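> Dropping the structure in here first, questions after.
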Amino acid sequence: MSTVSADLVIVANRLPVDRVEQADGTPGWRTSPGGLVTAIEPVMRANDGTWIGWPGGTDADLEPFEADGMKLVPMSMTPEEIEGHYEGFSNATLWPLYHDLVAKPEFHREWWDSYVAVNRRFAEKAAELASEGATVWVHDYQMQLVPQMLRELRPDLRIGFYLHIPFPPAELFQQLPWRRQLLEGLLGADMVGFQLPGGAQNFVRLVRQRVGHKTHRDLVYLPDGRTVRAAAFPISIDAAGFEEMARSEPVAARAAEIREALGNPRKVFLGIDRLDYTKGIYARLRAFAELIEDGHFDVEDAVFVQVAVPSREQVEQYRILRDEIDRLVGRINGDLGRIGRPAISYLHSSYPREEMAALYRSADVMVVTPYRDGMNLVAKEYVACRFEDTGALVLSEFAGAADELRQAWLVNPYDINGMKSALLEAYRADDRETRRRMKAMRKTVTQNDVAAWADAFMADLAEVPGSHGKAVRPAKRS
Ligand code: F6P
């Protein structure tokens, strides 16, 4: 397969497929679930794009290959790079810093060096593969230096960057010893996209204060004559795809089976999250348990299904969190459960999309209570799957999705009593109330789907004043 001369190159820390071991023991590939893949796929197909990313693990010398019609270029990482770039600087420095310091960020110079080296390698690969005047779309916090490095190598390119997590206020960002380098890294792009307008405003303000460039509204004027635009593009999901799956016979049957296995309680509460300290899992389970202790309902009436998808297990904060949740679930079930009736049905595992759709279909109350979240696509997936306009969503004010899903029961996840009240209201809400809310949220999610997000980003990127490169075709809608 030839990967040279791509008119569209995607650069992301991860490839859209994971390296897995097949039944016969040989290595194979599995499409990774998640928002990024479904978001980018349609644009990739319309433009015959090439995707550069890490396939997980430490396999070296993997050749470019095609999967599901996409051209993929695996970038290997050494154990030292995984420790320094991925687990260290990306997930123990930037992740907590960008999420309101929910955990304390660690600053280590050797992690920074590793971050720079990996970003350089990815930028060099993109420079090698992009055709004259191509568009390169760089994704997320693990790759913030790539735009500048790439522009130095290939000034002919049109470069877009999208941040999938929040961009913090100046007061927090400026703790970072390498704050100026990161801002300059991002300014290599023609357009920098954020989940919410607040993120774009934080960025422009920081650029003005810390780098000293002139700015006006969403534009930054660079001394070399280039203009960089910073704007919000709230990401979404393949709403039609989720709804179709939720409506299917196998998913309906599986949803009924799940409720049966749970003992057919009156109400099923559901949480689905990566096992991450930003997600507020601990406080949410405590709030639910206290409602039982206070006598508002019983384990015969309600069960909480919590799916915690294993994530970043080598990072210390994540190990500590896992132990804390394990202990809490054990204690709650020990204190409140009965034989065959745990208060919390806890699953530490990841599931295919069909199983998620069945869980969404089986749940009366979806509980999404992060302390800070760029968007939270689980909230949107739940709404997309509720095609009968039933079901209640309890949603943190601090998830990006709360800007759009105003009809959810909005909560402050730091306020346990407030969260208890919202859970109880959602539990008791009558059909008319839940229908009214769900109908409105479904309209929002259906209209602003992921194809609309990708099209809007690409169209705006093409229009940035002084932007280089050829135009990219928007994603074809199904
Ligand atoms: O959205 C944030 C993000 O870090 C993505 O970049 C990533 O694909 C996803 O969460 C899962 O994280 P990880 O790649 O660390 O498993």
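Convention: chains lettered A, B, ... in structure tokens order; per-chain residue numbering from 1; ligands numbered from 1 as shown.
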If you count only C-alpha atoms and all ligand atoms, which residues end up within 7 Å of ligand 1, as an MDAnalysis selection string?
chainID A and resid 13:14 36 140 164:165 311:312
> Would you mind listing what lies within 12 Å of Glu171 of chain A as a ChimeraX atom specification, with only C-alpha atoms counted and same-chain residues fewer than 4 positions away left out?
/A:97-98,100-101,167,175-176,179,202-203,205-206,209-210
> So that I can check the surroundings of Gly400 of chain A, please list as a short mmCIF file (atom, residue, chain, number, x, y, z; two decimals) with C-alpha atoms, in the first residue's frame every protein, DNA and RNA residue that reaches within 9 Å of it, counting only C-alpha atoms and ignoring chain neighbours fewer than 3 positions away.

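See part.cif below for the written result:
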```
data_model
loop_
_atom_site.label_atom_id
_atom_site.label_comp_id
_atom_site.auth_asym_id
_atom_site.auth_seq_id
_atom_site.Cartn_x
_atom_site.Cartn_y
_atom_site.Cartn_z
CA PRO A 166 -11.14 21.28 28.37
CA GLN A 195 -15.15 21.94 22.81
CA LEU A 196 -16.59 25.16 24.30
CA PRO A 234 -18.73 20.98 20.32
CA ARG A 372 -14.79 18.37 34.75
CA ASP A 373 -15.25 16.89 31.27
CA GLY A 374 -14.54 18.31 27.81
CA MET A 375 -17.88 17.08 26.44
CA ASN A 376 -18.94 13.59 27.67
CA SER A 396 -22.94 17.47 35.82
CA GLU A 397 -22.89 21.20 35.12
CA ASP A 403 -24.19 23.48 27.52
CA GLU A 404 -26.42 21.67 25.01
#
```
> Kindly provide the residues of segment 204-322 of chain A that approach segment 336-340 of chain A to within 8 Å, each paired with its closest atom pair and their distance in Å to one decimal, based on only C-alpha atoms, listed by chain and increasing number, as JSON lines.

```
{"residue": "A:Ala289", "atom": "CA", "partner": "A:Leu336", "partner_atom": "CA", "distance": 7.9}
{"residue": "A:Ile292", "atom": "CA", "partner": "A:Leu336", "partner_atom": "CA", "distance": 7.7}
{"residue": "A:Glu293", "atom": "CA", "partner": "A:Leu336", "partner_atom": "CA", "distance": 7.7}
{"residue": "A:Val299", "atom": "CA", "partner": "A:Gly337", "partner_atom": "CA", "distance": 6.7}
```
> Skip segment 47-55 of chain A itself and residues of its chain fewer than 2 positions away, then list as a ChimeraX atom specification all residues within 7 Å of it, counting only C-alpha atoms.
/A:3,6-15,17-19,43-45,57,70-76,472-473
> Go ahead and write the selection's residues with N, CA, C and O atoms as an mmCIF file, in the first residue's frame.

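Dumped to again_22.cif:
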```cif
data_model
loop_
_atom_site.group_PDB
_atom_site.id
_atom_site.type_symbol
_atom_site.label_atom_id
_atom_site.label_comp_id
_atom_site.auth_asym_id
_atom_site.auth_seq_id
_atom_site.Cartn_x
_atom_site.Cartn_y
_atom_site.Cartn_z
ATOM 1 N N THR A 3 1.355 5.037 1.034
ATOM 2 C CA THR A 3 0.761 6.032 1.926
ATOM 3 C C THR A 3 1.315 7.410 1.619
ATOM 4 O O THR A 3 0.963 8.370 2.280
ATOM 5 N N ALA A 6 -0.629 12.000 0.774
ATOM 6 C CA ALA A 6 -2.024 12.049 1.213
ATOM 7 C C ALA A 6 -2.497 13.499 1.232
ATOM 8 O O ALA A 6 -1.782 14.382 1.697
ATOM 9 N N ASP A 7 -3.734 13.734 0.737
ATOM 10 C CA ASP A 7 -4.285 15.095 0.756
ATOM 11 C C ASP A 7 -4.863 15.444 2.124
ATOM 12 O O ASP A 7 -5.101 16.592 2.431
ATOM 13 N N LEU A 8 -5.172 14.389 2.921
ATOM 14 C CA LEU A 8 -5.623 14.626 4.298
ATOM 15 C C LEU A 8 -4.862 13.682 5.228
ATOM 16 O O LEU A 8 -4.851 12.467 5.018
ATOM 17 N N VAL A 9 -4.225 14.248 6.219
ATOM 18 C CA VAL A 9 -3.506 13.432 7.204
ATOM 19 C C VAL A 9 -4.087 13.731 8.589
ATOM 20 O O VAL A 9 -4.226 14.897 8.968
ATOM 21 N N ILE A 10 -4.448 12.674 9.298
ATOM 22 C CA ILE A 10 -4.902 12.809 10.679
ATOM 23 C C ILE A 10 -3.721 12.431 11.584
ATOM 24 O O ILE A 10 -3.099 11.386 11.370
ATOM 25 N N VAL A 11 -3.429 13.262 12.560
ATOM 26 C CA VAL A 11 -2.395 12.920 13.543
ATOM 27 C C VAL A 11 -3.071 12.851 14.903
ATOM 28 O O VAL A 11 -3.662 13.835 15.357
ATOM 29 N N ALA A 12 -3.031 11.665 15.541
ATOM 30 C CA ALA A 12 -3.617 11.521 16.881
ATOM 31 C C ALA A 12 -2.708 10.604 17.676
ATOM 32 O O ALA A 12 -1.951 9.824 17.093
ATOM 33 N N ASN A 13 -2.766 10.704 18.997
ATOM 34 C CA ASN A 13 -1.903 9.828 19.789
ATOM 35 C C ASN A 13 -2.193 8.367 19.476
ATOM 36 O O ASN A 13 -1.286 7.560 19.322
ATOM 37 N N ARG A 14 -3.490 8.041 19.362
ATOM 38 C CA ARG A 14 -3.859 6.653 19.089
ATOM 39 C C ARG A 14 -4.387 6.459 17.683
ATOM 40 O O ARG A 14 -5.066 7.337 17.152
ATOM 41 N N LEU A 15 -4.127 5.267 17.130
ATOM 42 C CA LEU A 15 -4.769 4.866 15.876
ATOM 43 C C LEU A 15 -6.220 4.480 16.166
ATOM 44 O O LEU A 15 -6.558 4.174 17.309
ATOM 45 N N VAL A 17 -7.483 1.783 15.586
ATOM 46 C CA VAL A 17 -7.535 0.343 15.880
ATOM 47 C C VAL A 17 -6.504 -0.004 16.954
ATOM 48 O O VAL A 17 -5.459 0.634 17.048
ATOM 49 N N ASP A 18 -6.840 -1.001 17.741
ATOM 50 C CA ASP A 18 -5.931 -1.486 18.792
ATOM 51 C C ASP A 18 -5.308 -2.802 18.351
ATOM 52 O O ASP A 18 -5.967 -3.613 17.720
ATOM 53 N N ARG A 19 -4.071 -2.991 18.753
ATOM 54 C CA ARG A 19 -3.397 -4.264 18.512
ATOM 55 C C ARG A 19 -3.955 -5.284 19.502
ATOM 56 O O ARG A 19 -3.945 -5.027 20.723
ATOM 57 N N VAL A 43 -14.792 11.866 7.236
ATOM 58 C CA VAL A 43 -13.889 12.802 6.535
ATOM 59 C C VAL A 43 -12.736 12.032 5.913
ATOM 60 O O VAL A 43 -12.286 12.336 4.808
ATOM 61 N N MET A 44 -12.259 11.027 6.619
ATOM 62 C CA MET A 44 -11.166 10.175 6.106
ATOM 63 C C MET A 44 -11.578 9.537 4.785
ATOM 64 O O MET A 44 -10.831 9.519 3.817
ATOM 65 N N ARG A 45 -12.802 8.994 4.766
ATOM 66 C CA ARG A 45 -13.265 8.281 3.569
ATOM 67 C C ARG A 45 -13.456 9.232 2.398
ATOM 68 O O ARG A 45 -13.053 8.936 1.282
ATOM 69 N N GLY A 57 0.826 -0.609 23.131
ATOM 70 C CA GLY A 57 1.922 -1.579 23.257
ATOM 71 C C GLY A 57 3.256 -1.016 22.814
ATOM 72 O O GLY A 57 3.406 0.189 22.569
ATOM 73 N N MET A 70 -9.457 2.369 5.726
ATOM 74 C CA MET A 70 -8.675 3.544 6.154
ATOM 75 C C MET A 70 -7.180 3.229 6.102
ATOM 76 O O MET A 70 -6.763 2.146 6.499
ATOM 77 N N LYS A 71 -6.406 4.199 5.619
ATOM 78 C CA LYS A 71 -4.946 4.009 5.572
ATOM 79 C C LYS A 71 -4.353 4.399 6.912
ATOM 80 O O LYS A 71 -4.485 5.548 7.338
ATOM 81 N N LEU A 72 -3.711 3.442 7.546
ATOM 82 C CA LEU A 72 -3.215 3.665 8.903
ATOM 83 C C LEU A 72 -1.696 3.524 8.969
ATOM 84 O O LEU A 72 -1.132 2.587 8.393
ATOM 85 N N VAL A 73 -1.059 4.448 9.655
ATOM 86 C CA VAL A 73 0.395 4.421 9.791
ATOM 87 C C VAL A 73 0.737 4.307 11.276
ATOM 88 O O VAL A 73 0.632 5.286 12.024
ATOM 89 N N PRO A 74 1.121 3.091 11.733
ATOM 90 C CA PRO A 74 1.413 2.925 13.161
ATOM 91 C C PRO A 74 2.747 3.551 13.550
ATOM 92 O O PRO A 74 3.738 3.385 12.847
ATOM 93 N N MET A 75 2.734 4.267 14.668
ATOM 94 C CA MET A 75 3.955 4.846 15.227
ATOM 95 C C MET A 75 4.282 4.060 16.494
ATOM 96 O O MET A 75 3.456 3.994 17.410
ATOM 97 N N SER A 76 5.474 3.489 16.538
ATOM 98 C CA SER A 76 5.797 2.698 17.725
ATOM 99 C C SER A 76 6.257 3.629 18.854
ATOM 100 O O SER A 76 6.673 4.758 18.612
ATOM 101 N N VAL A 472 -10.463 20.667 1.580
ATOM 102 C CA VAL A 472 -10.792 19.271 1.869
ATOM 103 C C VAL A 472 -12.290 19.099 1.733
ATOM 104 O O VAL A 472 -13.059 19.973 2.127
ATOM 105 N N ARG A 473 -12.718 17.980 1.131
ATOM 106 C CA ARG A 473 -14.158 17.751 0.954
ATOM 107 C C ARG A 473 -14.803 17.418 2.289
ATOM 108 O O ARG A 473 -14.223 16.684 3.091
#
```
> Find the residues of segment 310-400 of chain A that sit at most 8 Å from segment 241-246 of chain A; for each, write down the nearest two atoms and how far apart they are in Å, to one decimal. Count only C-alpha atoms. Sort by chain, then by number going up, and give it as CSV.

```
residue,atom,partner,partner_atom,distance
A:Glu354,CA,A:Met245,CA,6.8
A:Ala357,CA,A:Ala246,CA,5.4
A:Ala358,CA,A:Ala246,CA,6.7
A:Arg361,CA,A:Ala246,CA,6.7
A:Glu381,CA,A:Phe242,CA,6.8
A:Ala384,CA,A:Glu243,CA,5.5
A:Cys385,CA,A:Glu243,CA,4.8
A:Arg386,CA,A:Glu243,CA,7.5
A:Phe387,CA,A:Glu243,CA,6.6
```
> Expressed in Å to a single decimal, how great is the separation between atom CA of Leu285 of chain A and atom CA of Ile344 of chain A?
8.0 Å
> Skipping near chain neighbours, those fewer than 3 positions away, what residues fall within 6 Å of segment 447-461 of chain A using only C-alpha atoms, listed as a ChimeraX atom specification?
/A:39,191,235-239,444,464,474
> Take the residues just selected and output them with N, CA and C atoms as a short mmCIF file (atom, residue, chain, number, x, y, z; two decimals), in the first residue's frame.

```
data_model
loop_
_atom_site.label_atom_id
_atom_site.label_comp_id
_atom_site.auth_asym_id
_atom_site.auth_seq_id
_atom_site.Cartn_x
_atom_site.Cartn_y
_atom_site.Cartn_z
N ALA A 39 -15.96 10.02 14.63
CA ALA A 39 -15.96 11.42 14.22
C ALA A 39 -15.13 11.63 12.96
N MET A 191 -6.01 26.89 12.50
CA MET A 191 -7.18 27.01 13.37
C MET A 191 -7.05 26.02 14.52
N ILE A 235 -18.12 18.66 20.05
CA ILE A 235 -18.10 17.36 19.36
C ILE A 235 -19.37 16.58 19.68
N SER A 236 -19.72 15.66 18.80
CA SER A 236 -20.93 14.87 19.03
C SER A 236 -20.72 13.41 18.63
N ILE A 237 -21.82 12.72 18.41
CA ILE A 237 -21.77 11.27 18.16
C ILE A 237 -22.51 10.95 16.86
N ASP A 238 -22.40 9.71 16.43
CA ASP A 238 -23.19 9.24 15.30
C ASP A 238 -24.58 8.90 15.85
N ALA A 239 -25.42 9.94 15.99
CA ALA A 239 -26.71 9.78 16.68
C ALA A 239 -27.60 8.76 15.95
N THR A 444 -31.82 18.09 19.98
CA THR A 444 -30.48 18.69 19.97
C THR A 444 -29.43 17.70 19.46
N VAL A 464 -9.99 30.20 7.09
CA VAL A 464 -9.15 31.07 7.93
C VAL A 464 -8.34 31.98 7.03
N PRO A 474 -16.03 17.93 2.53
CA PRO A 474 -16.71 17.58 3.79
C PRO A 474 -17.09 16.11 3.80
#
```
> Where does DSSP see strand (DSSP E or B) in segment 8-171 of chain A, if you list the residues as a VMD selection string?
chain A and resid 8 to 14 17 to 21 27 to 31 50 to 54 65 to 67 70 to 74 130 to 139 158 to 162
> Taking N, CA and C atoms for each residue, export the selection above as a compact mmCIF listing (two decimals), in the first residue's frame.

```txt
# COMPACT_ATOMS: atom_id res chain seq x y z
N LEU A 8 -5.17 14.39 2.92
CA LEU A 8 -5.62 14.63 4.30
C LEU A 8 -4.86 13.68 5.23
N VAL A 9 -4.22 14.25 6.22
CA VAL A 9 -3.51 13.43 7.20
C VAL A 9 -4.09 13.73 8.59
N ILE A 10 -4.45 12.67 9.30
CA ILE A 10 -4.90 12.81 10.68
C ILE A 10 -3.72 12.43 11.58
N VAL A 11 -3.43 13.26 12.56
CA VAL A 11 -2.39 12.92 13.54
C VAL A 11 -3.07 12.85 14.90
N ALA A 12 -3.03 11.66 15.54
CA ALA A 12 -3.62 11.52 16.88
C ALA A 12 -2.71 10.60 17.68
N ASN A 13 -2.77 10.70 19.00
CA ASN A 13 -1.90 9.83 19.79
C ASN A 13 -2.19 8.37 19.48
N ARG A 14 -3.49 8.04 19.36
CA ARG A 14 -3.86 6.65 19.09
C ARG A 14 -4.39 6.46 17.68
N VAL A 17 -7.48 1.78 15.59
CA VAL A 17 -7.53 0.34 15.88
C VAL A 17 -6.50 0.00 16.95
N ASP A 18 -6.84 -1.00 17.74
CA ASP A 18 -5.93 -1.49 18.79
C ASP A 18 -5.31 -2.80 18.35
N ARG A 19 -4.07 -2.99 18.75
CA ARG A 19 -3.40 -4.26 18.51
C ARG A 19 -3.96 -5.28 19.50
N VAL A 20 -4.47 -6.41 19.01
CA VAL A 20 -5.00 -7.44 19.92
C VAL A 20 -4.46 -8.81 19.53
N GLU A 21 -4.56 -9.72 20.47
CA GLU A 21 -4.15 -11.10 20.18
C GLU A 21 -5.40 -11.88 19.75
N PRO A 27 -1.14 -11.92 16.23
CA PRO A 27 -1.61 -10.55 16.47
C PRO A 27 -2.58 -10.08 15.38
N GLY A 28 -3.58 -9.32 15.77
CA GLY A 28 -4.54 -8.76 14.82
C GLY A 28 -4.94 -7.36 15.25
N TRP A 29 -5.96 -6.81 14.61
CA TRP A 29 -6.38 -5.44 14.90
C TRP A 29 -7.86 -5.41 15.23
N ARG A 30 -8.26 -4.54 16.14
CA ARG A 30 -9.67 -4.38 16.48
C ARG A 30 -9.98 -2.88 16.47
N THR A 31 -11.07 -2.51 15.78
CA THR A 31 -11.44 -1.09 15.74
C THR A 31 -11.69 -0.59 17.15
N THR A 50 -5.07 9.60 5.46
CA THR A 50 -4.10 8.73 6.11
C THR A 50 -4.03 9.11 7.59
N TRP A 51 -4.01 8.11 8.46
CA TRP A 51 -4.06 8.36 9.92
C TRP A 51 -2.76 7.89 10.55
N ILE A 52 -2.10 8.80 11.26
CA ILE A 52 -0.86 8.48 11.95
C ILE A 52 -1.15 8.37 13.44
N GLY A 53 -0.75 7.26 14.09
CA GLY A 53 -1.01 7.15 15.53
C GLY A 53 -0.34 5.93 16.15
N TRP A 54 -0.41 5.86 17.45
CA TRP A 54 0.19 4.76 18.22
C TRP A 54 -0.85 3.64 18.36
N PHE A 65 -0.76 0.02 7.01
CA PHE A 65 -1.72 -0.98 6.52
C PHE A 65 -3.08 -0.34 6.36
N GLU A 66 -4.00 -1.09 5.74
CA GLU A 66 -5.35 -0.60 5.57
C GLU A 66 -6.29 -1.37 6.46
N ALA A 67 -7.19 -0.69 7.17
CA ALA A 67 -8.20 -1.38 7.98
C ALA A 67 -9.52 -0.70 7.72
N MET A 70 -9.46 2.37 5.73
CA MET A 70 -8.67 3.54 6.15
C MET A 70 -7.18 3.23 6.10
N LYS A 71 -6.41 4.20 5.62
CA LYS A 71 -4.95 4.01 5.57
C LYS A 71 -4.35 4.40 6.91
N LEU A 72 -3.71 3.44 7.55
CA LEU A 72 -3.21 3.66 8.90
C LEU A 72 -1.70 3.52 8.97
N VAL A 73 -1.06 4.45 9.66
CA VAL A 73 0.39 4.42 9.79
C VAL A 73 0.74 4.31 11.28
N PRO A 74 1.12 3.09 11.73
CA PRO A 74 1.41 2.92 13.16
C PRO A 74 2.75 3.55 13.55
N ALA A 130 2.34 13.97 3.86
CA ALA A 130 1.36 14.92 3.32
C ALA A 130 1.76 15.38 1.92
N SER A 131 0.78 15.45 1.04
CA SER A 131 1.05 15.92 -0.33
C SER A 131 1.22 17.44 -0.31
N GLU A 132 1.66 18.01 -1.42
CA GLU A 132 1.82 19.47 -1.53
C GLU A 132 0.48 20.15 -1.23
N GLY A 133 0.46 21.07 -0.27
CA GLY A 133 -0.76 21.81 0.04
C GLY A 133 -1.82 21.01 0.77
N ALA A 134 -1.48 19.84 1.31
CA ALA A 134 -2.48 18.98 1.98
C ALA A 134 -2.99 19.62 3.28
N THR A 135 -4.06 19.02 3.80
CA THR A 135 -4.58 19.42 5.11
C THR A 135 -4.14 18.38 6.14
N VAL A 136 -3.61 18.84 7.26
CA VAL A 136 -3.26 17.94 8.36
C VAL A 136 -4.11 18.34 9.56
N TRP A 137 -4.82 17.35 10.11
CA TRP A 137 -5.68 17.64 11.27
C TRP A 137 -5.08 16.91 12.49
N VAL A 138 -4.58 17.70 13.43
CA VAL A 138 -3.90 17.17 14.61
C VAL A 138 -4.88 17.14 15.78
N HIS A 139 -4.86 16.03 16.55
CA HIS A 139 -5.84 15.87 17.63
C HIS A 139 -5.23 15.75 19.01
N ARG A 158 -2.02 23.18 5.18
CA ARG A 158 -3.10 23.77 5.98
C ARG A 158 -3.21 22.89 7.23
N ILE A 159 -3.08 23.49 8.40
CA ILE A 159 -3.02 22.68 9.63
C ILE A 159 -4.16 23.06 10.58
N GLY A 160 -4.93 22.07 10.99
CA GLY A 160 -5.98 22.28 11.99
C GLY A 160 -5.63 21.49 13.24
N PHE A 161 -6.03 22.02 14.40
CA PHE A 161 -5.82 21.30 15.66
C PHE A 161 -7.13 21.27 16.41
N TYR A 162 -7.46 20.12 17.01
CA TYR A 162 -8.68 20.04 17.84
C TYR A 162 -8.34 19.45 19.21
```
> Can you pull out every residue within 12 Å of His108 of chain A, counting only C-alpha atoms, but drop anything in the same chain fewer than 6 positions away, and send it as a list in words?
Glu83, Gly84, His85, Gly88, Phe89, Ser90, Ala92, Thr93, Leu94, Ser114, Tyr115, Leu176, Pro177 and Trp178 of chain A
> With distances taken over only C-alpha atoms, which residue among A:Asp224, A:Asp335, A:Asp273, A:Glu300 lies nearest Tyr351 of chain A?
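Residue with the minimum atom-to-atom distance to Tyr351 of chain A: A:Asp273.
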> Please identify which residues in segment 146-312 of chain A DSSP calls alpha helix (DSSP H) from the backbone, and express them as a VMD selection string.
chain A and resid 146 to 153 170 to 173 179 to 186 197 to 206 239 to 247 249 to 261 281 to 293
> To one decimal place in Å, what is the distance between atom CA of Trp112 of chain A and atom CA of Gly199 of chain A?
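Separation between atom CA of Trp112 of chain A and atom CA of Gly199 of chain A: 22.9 Å.
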> Contacts of Arg428 of chain A at 12 Å or less, counting only C-alpha atoms, minus same-chain residues fewer than 5 places along, as a list in words?
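What passes the distance filter is Arg266, Lys267, His296, Phe297, Asp301, Ala302, Asp364, Val365, Gly391, Ala392, Ser421, Ala422, Leu423, Glu433 and Thr434 of chain A.
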> For the residues selected in the previous step, produce a file with N, CA and C atoms as a short mmCIF file (atom, residue, chain, number, x, y, z; two decimals), in the first residue's frame.

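Resulting contents of again-v2.cif:
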```
data_model
loop_
_atom_site.label_atom_id
_atom_site.label_comp_id
_atom_site.auth_asym_id
_atom_site.auth_seq_id
_atom_site.Cartn_x
_atom_site.Cartn_y
_atom_site.Cartn_z
N ARG A 266 -37.73 -1.74 39.99
CA ARG A 266 -38.56 -0.69 39.41
C ARG A 266 -37.72 0.25 38.55
N LYS A 267 -36.57 0.62 39.05
CA LYS A 267 -35.72 1.57 38.31
C LYS A 267 -34.27 1.11 38.26
N HIS A 296 -35.35 6.30 51.15
CA HIS A 296 -36.15 6.79 50.01
C HIS A 296 -36.55 5.68 49.06
N PHE A 297 -35.68 4.71 48.93
CA PHE A 297 -36.04 3.48 48.21
C PHE A 297 -35.18 2.34 48.72
N ASP A 301 -36.26 -1.88 44.89
CA ASP A 301 -36.81 -0.85 44.00
C ASP A 301 -35.81 -0.39 42.95
N ALA A 302 -34.56 -0.30 43.36
CA ALA A 302 -33.58 0.33 42.46
C ALA A 302 -32.20 -0.31 42.59
N ASP A 364 -33.25 3.47 33.40
CA ASP A 364 -34.25 4.52 33.58
C ASP A 364 -33.61 5.86 33.91
N VAL A 365 -32.50 5.80 34.64
CA VAL A 365 -31.81 7.04 35.02
C VAL A 365 -30.33 6.91 34.69
N GLY A 391 -36.81 7.94 29.90
CA GLY A 391 -35.51 7.92 30.58
C GLY A 391 -35.09 9.30 31.02
N ALA A 392 -34.37 9.34 32.16
CA ALA A 392 -33.94 10.62 32.73
C ALA A 392 -32.42 10.69 32.71
N SER A 421 -30.71 14.95 45.82
CA SER A 421 -32.03 15.49 45.45
C SER A 421 -32.31 15.24 43.97
N ALA A 422 -31.29 15.47 43.13
CA ALA A 422 -31.49 15.30 41.68
C ALA A 422 -31.75 13.83 41.34
N LEU A 423 -31.01 12.91 41.98
CA LEU A 423 -31.22 11.48 41.72
C LEU A 423 -32.64 11.08 42.13
N GLU A 433 -43.08 14.40 32.46
CA GLU A 433 -41.90 15.24 32.70
C GLU A 433 -40.66 14.69 31.98
N THR A 434 -40.44 13.38 32.13
CA THR A 434 -39.24 12.80 31.48
C THR A 434 -39.36 12.90 29.95
#
```
> Between A:Asp276, A:Val315, A:Gln174, A:Glu249, which has the minimum distance to Ile82 of chain A (counting only C-alpha atoms)?
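Nearest to Ile82 of chain A: A:Val315.
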> Would you mind telling me which residue in A:Glu63, A:Ala189, A:Ala231, A:Leu172 lies nearest to Met143 of chain A when using only C-alpha atoms?
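Looking only at the distances to Met143 of chain A, the closest residue turns out to be A:Ala189.
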